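Novice: For reference, this is start-v4.cif, and it has mmCIF, C-alpha atoms and all ligand atoms.
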data_upload
loop_
_atom_site.label_atom_id
_atom_site.label_comp_id
_atom_site.auth_asym_id
_atom_site.auth_seq_id
_atom_site.Cartn_x
_atom_site.Cartn_y
_atom_site.Cartn_z
CA MET A 257 0.00 0.00 0.00
CA ARG A 258 1.31 3.44 -0.84
CA THR A 259 1.56 5.83 2.05
CA LEU A 260 2.38 9.50 2.40
CA LYS A 261 6.08 8.81 2.90
CA ASP A 262 6.35 7.19 -0.56
CA ILE A 263 5.47 10.42 -2.35
CA ASN A 264 7.45 13.60 -2.86
CA LEU A 265 5.08 16.15 -1.38
CA GLU A 266 7.41 19.17 -1.29
CA ASN A 267 5.45 22.27 -2.37
CA LYS A 268 2.63 20.19 -3.83
CA LYS A 269 -1.01 21.06 -3.79
CA VAL A 270 -2.54 18.21 -1.79
CA LEU A 271 -6.13 17.21 -1.44
CA ILE A 272 -6.73 15.39 1.81
CA ARG A 273 -9.89 13.39 2.25
CA CYS A 274 -10.45 13.65 6.00
CA ASP A 275 -13.03 12.16 8.27
CA PHE A 276 -14.54 15.17 10.01
CA ASN A 277 -17.83 13.40 10.48
CA VAL A 278 -18.01 14.53 14.11
CA PRO A 279 -21.04 14.39 16.41
CA LEU A 280 -22.64 17.84 16.46
CA LYS A 281 -25.46 19.28 18.49
CA ASP A 282 -26.81 22.76 17.76
CA GLY A 283 -23.60 23.64 15.95
CA GLU A 284 -21.39 22.51 18.88
CA ILE A 285 -18.88 19.68 18.39
CA LEU A 286 -19.56 17.03 21.04
CA ASP A 287 -16.35 15.16 20.41
CA ASP A 288 -13.36 16.29 18.35
CA THR A 289 -11.40 13.00 18.29
CA ARG A 290 -11.71 12.67 14.55
CA ILE A 291 -10.41 16.19 13.98
CA LYS A 292 -7.44 15.57 16.28
CA GLU A 293 -6.66 12.35 14.46
CA SER A 294 -6.26 14.24 11.20
CA LEU A 295 -3.66 16.64 12.62
CA GLU A 296 -0.70 14.34 12.07
CA THR A 297 -1.28 14.14 8.32
CA ILE A 298 -2.04 17.85 8.02
CA LYS A 299 1.09 18.81 9.98
CA TYR A 300 3.18 16.43 7.87
CA CYS A 301 1.98 18.26 4.76
CA LEU A 302 2.58 21.66 6.38
CA ASN A 303 6.18 20.59 7.03
CA LYS A 304 6.51 19.78 3.34
CA ASN A 305 5.29 23.30 2.48
CA CYS A 306 2.19 21.99 0.77
CA LYS A 307 -0.93 23.90 -0.15
CA ILE A 308 -3.60 21.90 1.63
CA ILE A 309 -7.19 21.40 0.57
CA LEU A 310 -9.33 19.43 3.01
CA LEU A 311 -12.47 17.54 1.99
CA SER A 312 -14.84 15.71 4.28
CA HIS A 313 -18.41 14.61 4.51
CA LEU A 314 -20.57 15.28 7.55
CA GLY A 315 -23.79 13.49 8.36
CA ARG A 316 -26.40 12.77 5.74
CA VAL A 317 -27.82 15.37 3.42
CA LYS A 318 -31.07 14.42 1.79
CA GLU A 319 -32.98 17.67 1.63
CA GLU A 320 -32.49 21.42 2.04
CA SER A 321 -33.28 21.25 5.76
CA ASP A 322 -30.26 18.95 6.30
CA LEU A 323 -27.82 21.55 5.00
CA LYS A 324 -27.61 23.82 8.00
CA LYS A 325 -27.21 21.07 10.59
CA ASN A 326 -24.44 19.44 8.58
CA ASP A 327 -22.47 22.61 7.93
CA LEU A 328 -18.68 22.15 8.43
CA THR A 329 -18.17 25.69 9.82
CA PRO A 330 -17.69 24.45 13.44
CA VAL A 331 -15.00 22.06 12.19
CA ALA A 332 -13.15 24.93 10.49
CA LYS A 333 -13.25 26.84 13.78
CA ARG A 334 -11.95 23.86 15.79
CA LEU A 335 -9.18 23.20 13.24
CA ARG A 336 -8.03 26.83 13.49
CA GLU A 337 -7.78 26.44 17.27
CA LEU A 338 -5.98 23.09 17.09
CA LEU A 339 -3.51 24.13 14.39
CA GLY A 340 -3.08 27.71 15.62
CA GLN A 341 -3.32 29.09 12.10
CA ASP A 342 -5.90 30.53 9.81
CA ILE A 343 -7.93 28.21 7.63
CA LYS A 344 -10.09 29.41 4.79
CA PHE A 345 -13.49 27.87 4.71
CA CYS A 346 -15.13 27.62 1.30
CA GLN A 347 -18.92 27.46 1.45
CA LYS A 348 -19.03 25.98 -2.06
CA THR A 349 -18.13 22.41 -2.88
CA ARG A 350 -17.26 23.38 -6.46
CA GLY A 351 -17.16 26.29 -8.88
CA PRO A 352 -15.44 29.67 -9.35
CA GLU A 353 -15.38 30.67 -5.67
CA LEU A 354 -13.52 27.48 -4.69
CA GLU A 355 -11.22 27.64 -7.72
CA LEU A 356 -10.31 31.28 -7.03
CA LEU A 357 -9.45 30.48 -3.43
CA ILE A 358 -7.26 27.58 -4.58
CA ASN A 359 -5.55 29.64 -7.28
CA ASN A 360 -4.60 32.25 -4.70
CA MET A 361 -3.11 29.76 -2.24
CA LYS A 362 0.44 30.10 -0.95
CA SER A 363 2.55 27.34 0.60
CA ARG A 364 1.18 26.17 3.96
CA ASP A 365 -2.25 27.69 3.31
CA ILE A 366 -5.17 25.48 4.24
CA ILE A 367 -8.65 25.48 2.75
CA LEU A 368 -11.52 23.45 4.14
CA VAL A 369 -14.24 22.80 1.61
CA GLN A 370 -17.88 22.67 2.72
CA ASN A 371 -19.40 19.23 3.42
CA THR A 372 -18.97 17.08 0.30
CA ARG A 373 -22.43 15.65 0.93
CA TYR A 374 -23.94 19.02 0.03
CA GLU A 375 -23.57 17.53 -3.44
CA ASP A 376 -26.08 14.86 -2.48
CA ILE A 377 -28.94 17.34 -2.82
CA VAL A 378 -28.81 16.71 -6.56
CA ASN A 379 -28.96 13.02 -7.44
CA LYS A 380 -26.93 11.93 -4.39
CA LYS A 381 -23.82 12.78 -6.38
CA GLU A 382 -21.29 12.37 -3.61
CA SER A 383 -22.69 9.25 -2.00
CA SER A 384 -23.21 7.58 -5.34
CA ASN A 385 -19.60 8.22 -6.34
CA ASP A 386 -20.43 10.46 -9.29
CA GLU A 387 -17.52 10.14 -11.72
CA GLU A 388 -17.57 13.66 -13.04
CA LEU A 389 -17.62 15.08 -9.51
CA GLY A 390 -14.74 12.78 -8.50
CA LYS A 391 -12.72 13.93 -11.49
CA TYR A 392 -13.46 17.55 -10.74
CA TRP A 393 -12.25 17.29 -7.13
CA ALA A 394 -9.19 15.29 -8.23
CA SER A 395 -8.35 18.08 -10.72
CA LEU A 396 -8.04 20.59 -7.87
CA GLY A 397 -4.81 19.11 -6.47
CA ASP A 398 -1.56 17.39 -7.46
CA VAL A 399 -1.79 14.59 -4.91
CA PHE A 400 -4.73 12.90 -3.26
CA ILE A 401 -4.31 11.64 0.28
CA ASN A 402 -6.95 9.54 1.88
CA ASP A 403 -6.79 10.07 5.61
CA ALA A 404 -10.25 8.89 6.39
CA PHE A 405 -10.48 5.34 7.60
CA GLY A 406 -14.05 6.14 8.33
CA THR A 407 -14.61 6.57 4.65
CA VAL A 408 -12.42 3.79 3.35
CA HIS A 409 -15.46 1.67 2.65
CA ARG A 410 -16.15 4.36 0.12
CA ALA A 411 -12.45 4.97 -0.40
CA HIS A 412 -6.74 4.45 3.32
CA ALA A 413 -6.45 2.89 6.39
CA SER A 414 -3.35 2.90 8.43
CA ASN A 415 -1.88 -0.54 8.81
CA VAL A 416 -2.33 -0.29 12.53
CA GLU A 417 -6.05 -0.02 12.06
CA LEU A 418 -6.23 -3.07 9.83
CA ASN A 419 -3.94 -5.17 12.00
CA ALA A 420 -6.13 -4.46 14.98
CA LEU A 421 -9.27 -5.32 13.09
CA ASN A 422 -7.64 -8.42 11.67
CA SER A 423 -7.13 -9.68 15.20
CA LEU A 424 -10.88 -10.21 15.19
CA ASN A 425 -10.20 -13.14 12.89
CA ASN A 426 -7.66 -14.72 15.24
CA ASN A 427 -10.03 -17.17 16.77
CA GLU A 428 -9.66 -16.00 20.33
CA HIS A 429 -12.50 -17.32 22.45
CA PRO A 430 -14.70 -16.50 24.19
CA PHE A 431 -15.22 -13.75 21.63
CA ILE A 432 -18.04 -11.44 22.71
CA VAL A 433 -19.65 -8.83 20.50
CA ILE A 434 -21.53 -5.89 22.00
CA LEU A 435 -23.88 -4.02 19.71
CA GLY A 436 -25.77 -0.87 20.61
CA GLY A 437 -26.68 2.32 18.85
CA ALA A 438 -29.78 3.18 17.01
CA LYS A 439 -30.37 1.18 13.90
CA VAL A 440 -30.61 -2.53 13.27
CA SER A 441 -30.42 -1.90 9.54
CA ASP A 442 -26.80 -0.68 9.74
CA LYS A 443 -25.75 -3.82 11.58
CA ILE A 444 -27.48 -6.66 9.79
CA GLY A 445 -24.37 -7.56 7.77
CA VAL A 446 -22.20 -7.62 10.88
CA ILE A 447 -24.65 -9.74 12.80
CA ASN A 448 -24.82 -12.18 9.92
CA ASN A 449 -21.06 -12.35 9.64
CA LEU A 450 -20.21 -12.43 13.34
CA VAL A 451 -22.98 -14.61 14.65
CA ASN A 452 -21.01 -17.70 13.74
CA LYS A 453 -17.68 -16.39 15.01
CA ALA A 454 -18.84 -14.82 18.25
CA ASP A 455 -19.69 -16.82 21.33
CA LYS A 456 -22.27 -14.29 22.44
CA ILE A 457 -23.75 -11.10 21.00
CA LEU A 458 -24.94 -8.67 23.67
CA ILE A 459 -27.51 -6.23 22.41
CA GLY A 460 -28.27 -2.85 23.94
CA GLY A 461 -29.08 0.66 22.76
CA GLY A 462 -32.03 1.56 20.58
CA MET A 463 -31.40 -1.60 18.56
CA ALA A 464 -32.51 -3.78 21.43
CA PHE A 465 -36.14 -2.72 21.07
CA THR A 466 -36.58 -4.17 17.62
CA PHE A 467 -35.31 -7.46 19.04
CA LEU A 468 -37.53 -7.19 22.13
CA LYS A 469 -40.53 -6.49 19.95
CA ALA A 470 -39.60 -9.44 17.75
CA ALA A 471 -39.56 -11.50 20.95
CA GLY A 472 -43.19 -10.48 21.48
CA LEU A 473 -42.70 -7.86 24.17
CA GLU A 474 -44.42 -4.50 24.56
CA VAL A 475 -41.84 -1.78 23.85
CA GLY A 476 -44.12 1.27 24.09
CA LYS A 477 -42.73 4.34 22.36
CA SER A 478 -39.15 3.02 22.21
CA LEU A 479 -37.17 3.26 19.00
CA ILE A 480 -38.21 0.58 16.53
CA ASP A 481 -36.83 -0.39 13.16
CA GLU A 482 -40.11 -1.79 11.75
CA GLU A 483 -38.55 -3.07 8.56
CA ASN A 484 -36.19 -5.35 10.41
CA ILE A 485 -38.47 -7.05 12.90
CA ASN A 486 -38.54 -10.18 10.74
CA PHE A 487 -34.76 -10.25 10.57
CA CYS A 488 -34.64 -10.07 14.37
CA THR A 489 -37.26 -12.80 14.76
CA ASP A 490 -35.22 -15.02 12.50
CA ILE A 491 -31.93 -14.42 14.30
CA LEU A 492 -33.55 -14.95 17.67
CA ARG A 493 -35.02 -18.24 16.49
CA LYS A 494 -31.77 -19.53 15.01
CA TYR A 495 -29.39 -18.32 17.69
CA LYS A 496 -31.48 -18.04 20.78
CA ASP A 497 -28.62 -18.92 23.15
CA LYS A 498 -26.17 -16.59 21.51
CA ILE A 499 -28.14 -13.38 21.41
CA ILE A 500 -28.38 -11.73 24.82
CA LEU A 501 -31.04 -9.05 25.16
CA PRO A 502 -31.53 -6.61 28.04
CA VAL A 503 -33.46 -7.90 31.05
CA ASP A 504 -34.24 -4.45 32.39
CA LEU A 505 -34.28 -0.90 31.09
CA ALA A 506 -34.12 2.77 32.08
CA VAL A 507 -37.65 3.85 31.21
CA THR A 508 -39.21 7.28 30.80
CA HIS A 509 -42.05 9.00 28.91
CA GLU A 510 -40.34 11.47 26.62
CA PHE A 511 -37.09 11.68 24.70
CA THR A 512 -35.47 14.12 27.13
CA ASN A 513 -32.88 14.20 29.90
CA ASP A 514 -35.15 16.22 32.17
CA GLU A 515 -37.54 13.58 33.44
CA LYS A 516 -36.36 11.14 36.07
CA TYR A 517 -36.38 7.60 34.73
CA LYS A 518 -37.46 4.34 36.36
CA THR A 519 -35.66 1.04 36.02
CA LYS A 520 -38.14 -1.59 34.86
CA GLU A 521 -38.00 -5.19 33.75
CA VAL A 522 -38.28 -5.63 29.98
CA THR A 523 -41.59 -7.40 30.44
CA SER A 524 -43.33 -4.48 32.11
CA LEU A 525 -43.08 -1.55 29.70
CA GLU A 526 -46.30 0.36 29.08
CA LYS A 527 -47.58 1.85 25.85
CA ASN A 528 -46.70 5.42 26.79
CA GLU A 529 -43.17 4.56 27.93
CA MET A 530 -39.83 4.33 26.18
CA GLY A 531 -36.50 2.81 27.10
CA LEU A 532 -33.50 5.07 26.76
CA ASP A 533 -30.83 2.85 28.35
CA ILE A 534 -30.29 -0.65 29.67
CA GLY A 535 -30.94 -1.23 33.40
CA THR A 536 -28.64 -2.24 36.27
CA ASN A 537 -29.40 -5.96 36.06
CA THR A 538 -28.54 -5.93 32.38
CA LEU A 539 -25.28 -4.12 33.10
CA ASN A 540 -24.41 -6.83 35.66
CA LEU A 541 -25.42 -9.58 33.25
CA PHE A 542 -23.20 -8.09 30.52
CA LYS A 543 -20.29 -7.80 32.99
CA SER A 544 -20.66 -11.45 34.00
CA ILE A 545 -20.53 -12.54 30.36
CA LEU A 546 -17.53 -10.35 29.55
CA HIS A 547 -15.67 -11.53 32.65
CA ASP A 548 -13.95 -14.55 31.03
CA SER A 549 -13.75 -13.21 27.48
CA LYS A 550 -10.54 -13.22 25.46
CA LEU A 551 -11.71 -10.75 22.84
CA ILE A 552 -14.48 -8.14 22.70
CA PHE A 553 -15.75 -6.10 19.79
CA TRP A 554 -18.08 -3.23 20.69
CA ASN A 555 -20.04 -1.01 18.34
CA GLY A 556 -22.64 1.50 19.48
CA PRO A 557 -23.56 2.95 22.88
CA LEU A 558 -25.96 1.07 25.18
CA GLY A 559 -28.16 4.11 25.72
CA VAL A 560 -28.82 7.65 24.54
CA TYR A 561 -25.36 8.77 25.64
CA GLU A 562 -25.98 12.34 24.56
CA PHE A 563 -28.18 12.58 27.69
CA THR A 564 -26.10 12.35 30.90
CA GLN A 565 -28.59 10.05 32.69
CA TYR A 566 -28.50 7.49 29.91
CA LYS A 567 -24.77 7.33 29.38
CA LYS A 568 -23.68 5.92 32.70
CA ASN A 569 -24.15 2.23 31.90
CA THR A 570 -22.06 2.58 28.76
CA ASP A 571 -19.41 4.36 30.85
CA GLU A 572 -19.60 1.68 33.56
CA LEU A 573 -19.17 -1.15 31.11
CA LEU A 574 -16.22 0.63 29.51
CA LYS A 575 -14.70 1.06 32.96
CA TYR A 576 -15.24 -2.63 33.69
CA ILE A 577 -13.37 -3.54 30.53
CA ILE A 578 -10.44 -1.29 31.40
CA ASP A 579 -10.31 -2.32 35.07
CA ASN A 580 -10.25 -5.99 34.08
CA ASN A 581 -7.83 -5.46 31.24
CA LEU A 582 -10.12 -7.15 28.70
CA LYS A 583 -8.86 -7.08 25.11
CA THR A 584 -11.38 -4.86 23.37
CA ILE A 585 -11.80 -3.27 20.00
CA LEU A 586 -14.18 -0.34 19.90
CA GLY A 587 -15.54 0.33 16.43
CA GLY A 588 -17.56 3.37 15.49
CA GLY A 589 -17.69 7.10 16.12
CA ASP A 590 -20.26 7.06 18.91
CA ILE A 591 -18.71 4.43 21.15
CA VAL A 592 -15.24 5.91 20.60
CA ALA A 593 -16.67 9.33 21.51
CA CYS A 594 -18.05 7.83 24.76
CA ALA A 595 -14.66 6.26 25.55
CA SER A 596 -12.89 9.46 24.71
CA GLN A 597 -15.14 11.60 26.93
CA ALA A 598 -14.62 9.20 29.82
CA GLY A 599 -10.84 9.19 29.30
CA TYR A 600 -10.72 5.51 28.27
CA LYS A 601 -9.98 5.81 24.59
CA ASP A 602 -6.22 5.34 24.91
CA LYS A 603 -6.64 2.54 27.43
CA VAL A 604 -8.54 0.08 25.27
CA TYR A 605 -6.72 -2.34 22.97
CA HIS A 606 -7.94 -0.48 19.93
CA ALA A 607 -10.43 2.26 19.13
CA SER A 608 -11.46 2.73 15.54
CA THR A 609 -13.56 5.78 14.73
CA GLY A 610 -14.38 4.42 11.32
CA GLY A 611 -17.83 3.16 12.15
CA GLY A 612 -19.18 2.28 8.73
CA ALA A 613 -15.82 1.06 7.48
CA THR A 614 -15.25 -1.08 10.56
CA LEU A 615 -18.67 -2.61 10.18
CA GLU A 616 -18.18 -3.34 6.51
CA PHE A 617 -14.79 -4.86 7.21
CA LEU A 618 -16.42 -7.04 9.82
CA GLU A 619 -19.09 -7.99 7.36
CA GLY A 620 -16.27 -9.53 5.38
CA LYS A 621 -16.55 -6.99 2.57
CA LYS A 622 -13.60 -5.74 0.57
CA LEU A 623 -13.12 -2.04 1.13
CA PRO A 624 -12.93 -0.31 -2.25
CA GLY A 625 -10.72 2.48 -0.97
CA LEU A 626 -8.16 0.00 0.25
CA GLU A 627 -8.30 -1.98 -2.93
CA ALA A 628 -7.76 1.22 -4.93
CA ILE A 629 -4.74 2.27 -2.88
CA LYS A 630 -3.21 -1.17 -3.22
P1 LIG B 701 -25.36 4.31 15.83
O1 LIG B 701 -24.98 5.44 14.94
O2 LIG B 701 -26.27 3.31 15.21
O3 LIG B 701 -24.16 3.71 16.57
O4 LIG B 701 -26.30 4.95 16.93
C1 LIG B 701 -25.84 5.85 17.93
C2 LIG B 701 -27.05 6.53 18.47
O5 LIG B 701 -27.91 5.59 19.08
C3 LIG B 701 -26.74 7.57 19.51
O6 LIG B 701 -27.04 8.82 18.99
C4 LIG B 701 -27.68 7.21 20.66
O7 LIG B 701 -28.38 8.32 21.18
C5 LIG B 701 -28.69 6.28 20.00
N1 LIG B 701 -29.34 5.40 21.00
C6 LIG B 701 -28.76 4.57 21.88
N2 LIG B 701 -29.67 3.99 22.68
C7 LIG B 701 -30.88 4.46 22.28
C8 LIG B 701 -32.23 4.26 22.73
N3 LIG B 701 -32.50 3.41 23.73
N4 LIG B 701 -33.20 4.93 22.09
C9 LIG B 701 -32.91 5.78 21.09
N5 LIG B 701 -31.67 6.02 20.62
C10 LIG B 701 -30.66 5.37 21.21
#
Can you present the structure in this file as structure tokens?
Ligand code: AMP
Specialist:
Amino acid sequence: MRTLKDINLENKKVLIRCDFNVPLKDGEILDDTRIKESLETIKYCLNKNCKIILLSHLGRVKEESDLKKNDLTPVAKRLRELLGQDIKFCQKTRGPELELLINNMKSRDIILVQNTRYEDIVNKKESSNDEELGKYWASLGDVFINDAFGTVHRAHASNVELNALNSLNNNEHPFIVILGGAKVSDKIGVINNLVNKADKILIGGGMAFTFLKAAGLEVGKSLIDEENINFCTDILRKYKDKIILPVDLAVTHEFTNDEKYKTKEVTSLEKNEMGLDIGTNTLNLFKSILHDSKLIFWNGPLGVYEFTQYKKNTDELLKYIIDNNLKTILGGGDIVACASQAGYKDKVYHASTGGGATLEFLEGKKLPGLEAIK
């Protein structure tokens, strides 16, 4: 695989595909790990007196109303602070304004281009890998550097990252997978691929409710992925001893941090209630299963970690893993953000922010970006 050090970068105009897909709330960056991780590459290019053009996607842009909430302006601000130098932010993803800015660049200037997914408004151009758009962006620089493991399933991964992920194929048992987060749909491939390799799959987060509903339980107003109930029913039937669902939940009435929650057994949710985290018995059950494990892979938080009340079980389980020195790979932006906020990120065996890419790798798919770089 070709890396930065194989190329003469001196004074070149470099395009760096970064992964600035950071969690944002009301324009505030909740976790800047991904931005910090890009600094090494950017500084390397600064040392080579490059002109640097940064490209990244942020969130999903389907309609006009998605534009404002996925604006990269806060990232530009954070990058200026972290690098201690000015960065020009171009609101346009293509056209004369961007080209003029690039033509006027001097060595060591940095431009951040607005969210590449703004191009998705018309025919999902970015996400669908539009050739003309790809060629256009490529024409803006002399060298293209892919620094976004998170996007390698669309396009470099450091070898470290892959070696760590490869250790998931080492046959270390018990191998326990923890899946949380919101959507079952994103994780179907991983479940299918890992269900035979893993000794147990522990399910928490919003995902758990689709499984609980598939198991015939009342889940009230909890998050449900209707389209995948059948998939869950099927998995539960085939692997009933392998899939471990919550036994209790932190239950409330509205999606807010303001109301005090109750811990309830999974069998006693009412129609007007929703579960926003696992409960204490579930946490203890998960700990007891992880206790003897040789390898853990964890994707997705166990609760709505953006709300302080519903993040503590995720934090506790992370702490348990660290305290017991359990070999763990965290995959995905949200769980890595949790670990980072709690100060555990550098203590786990490996933390990979590339959520989608990690999942696709674990699904056994070839990553096109990696193939291309090879
Ligand atoms: P993902 O991107 O699939 O890893 O999902 C992460 C998101 O799942 C976070 O934003 C969490 O707030 C959300 N999440 C976790 N637990 C729940 C829950 N019980 N109900 C709703 N959303 C949840």
Novice: What is the CA of Phe465 in chain A to atom O5 of ligand LIG 701 (chain B) distance in Å?
Specialist: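 So the two atoms, CA of Phe465 in chain A and atom O5 of ligand LIG 701 (chain B), lie 11.9 Å apart.
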Novice: I need the residue nearest ligand LIG 701 (chain B) from this list: A:Thr329, A:Asn305, A:Thr564, A:Gln370. Use all atoms listed in the file for the distance.
Specialist: A:Thr564
Novice: How would you write, as a PyMOL selection string, the set of residues no farther than 7 Å from ligand LIG 701 (chain B) when counting only C-alpha atoms and all ligand atoms?
Specialist: chain A and resi 436-439+442+461-462+478-479+531-533+555-562+588+590
Novice: How many Å lie between CA of Pro279 in chain A and CA of Leu314 in chain A, rounded to one decimal?
Specialist: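 Those two atoms sit 8.9 Å apart.
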Novice: Give the answer as one residue: which of A:Glu375, A:Arg364, A:Glu529, A:Asp288 has the shortest atom-to-atom distance to Lys333 in chain A, using all atoms listed in the file?
Specialist: A:Asp288
Novice: Rounded to one decimal place, report the CA of Asn513 in chain A-CA of Lys281 in chain A distance in Å.
Specialist: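 Distance between the two atoms: 14.5 Å.
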Novice: Pick out the closest residue to Asn267 in chain A from this set: A:Ile491, A:Leu450, A:Val503, A:Leu302. Count all atoms listed in the file.
Specialist: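 With all atoms listed in the file as the atom set, the closest residue is A:Leu302.
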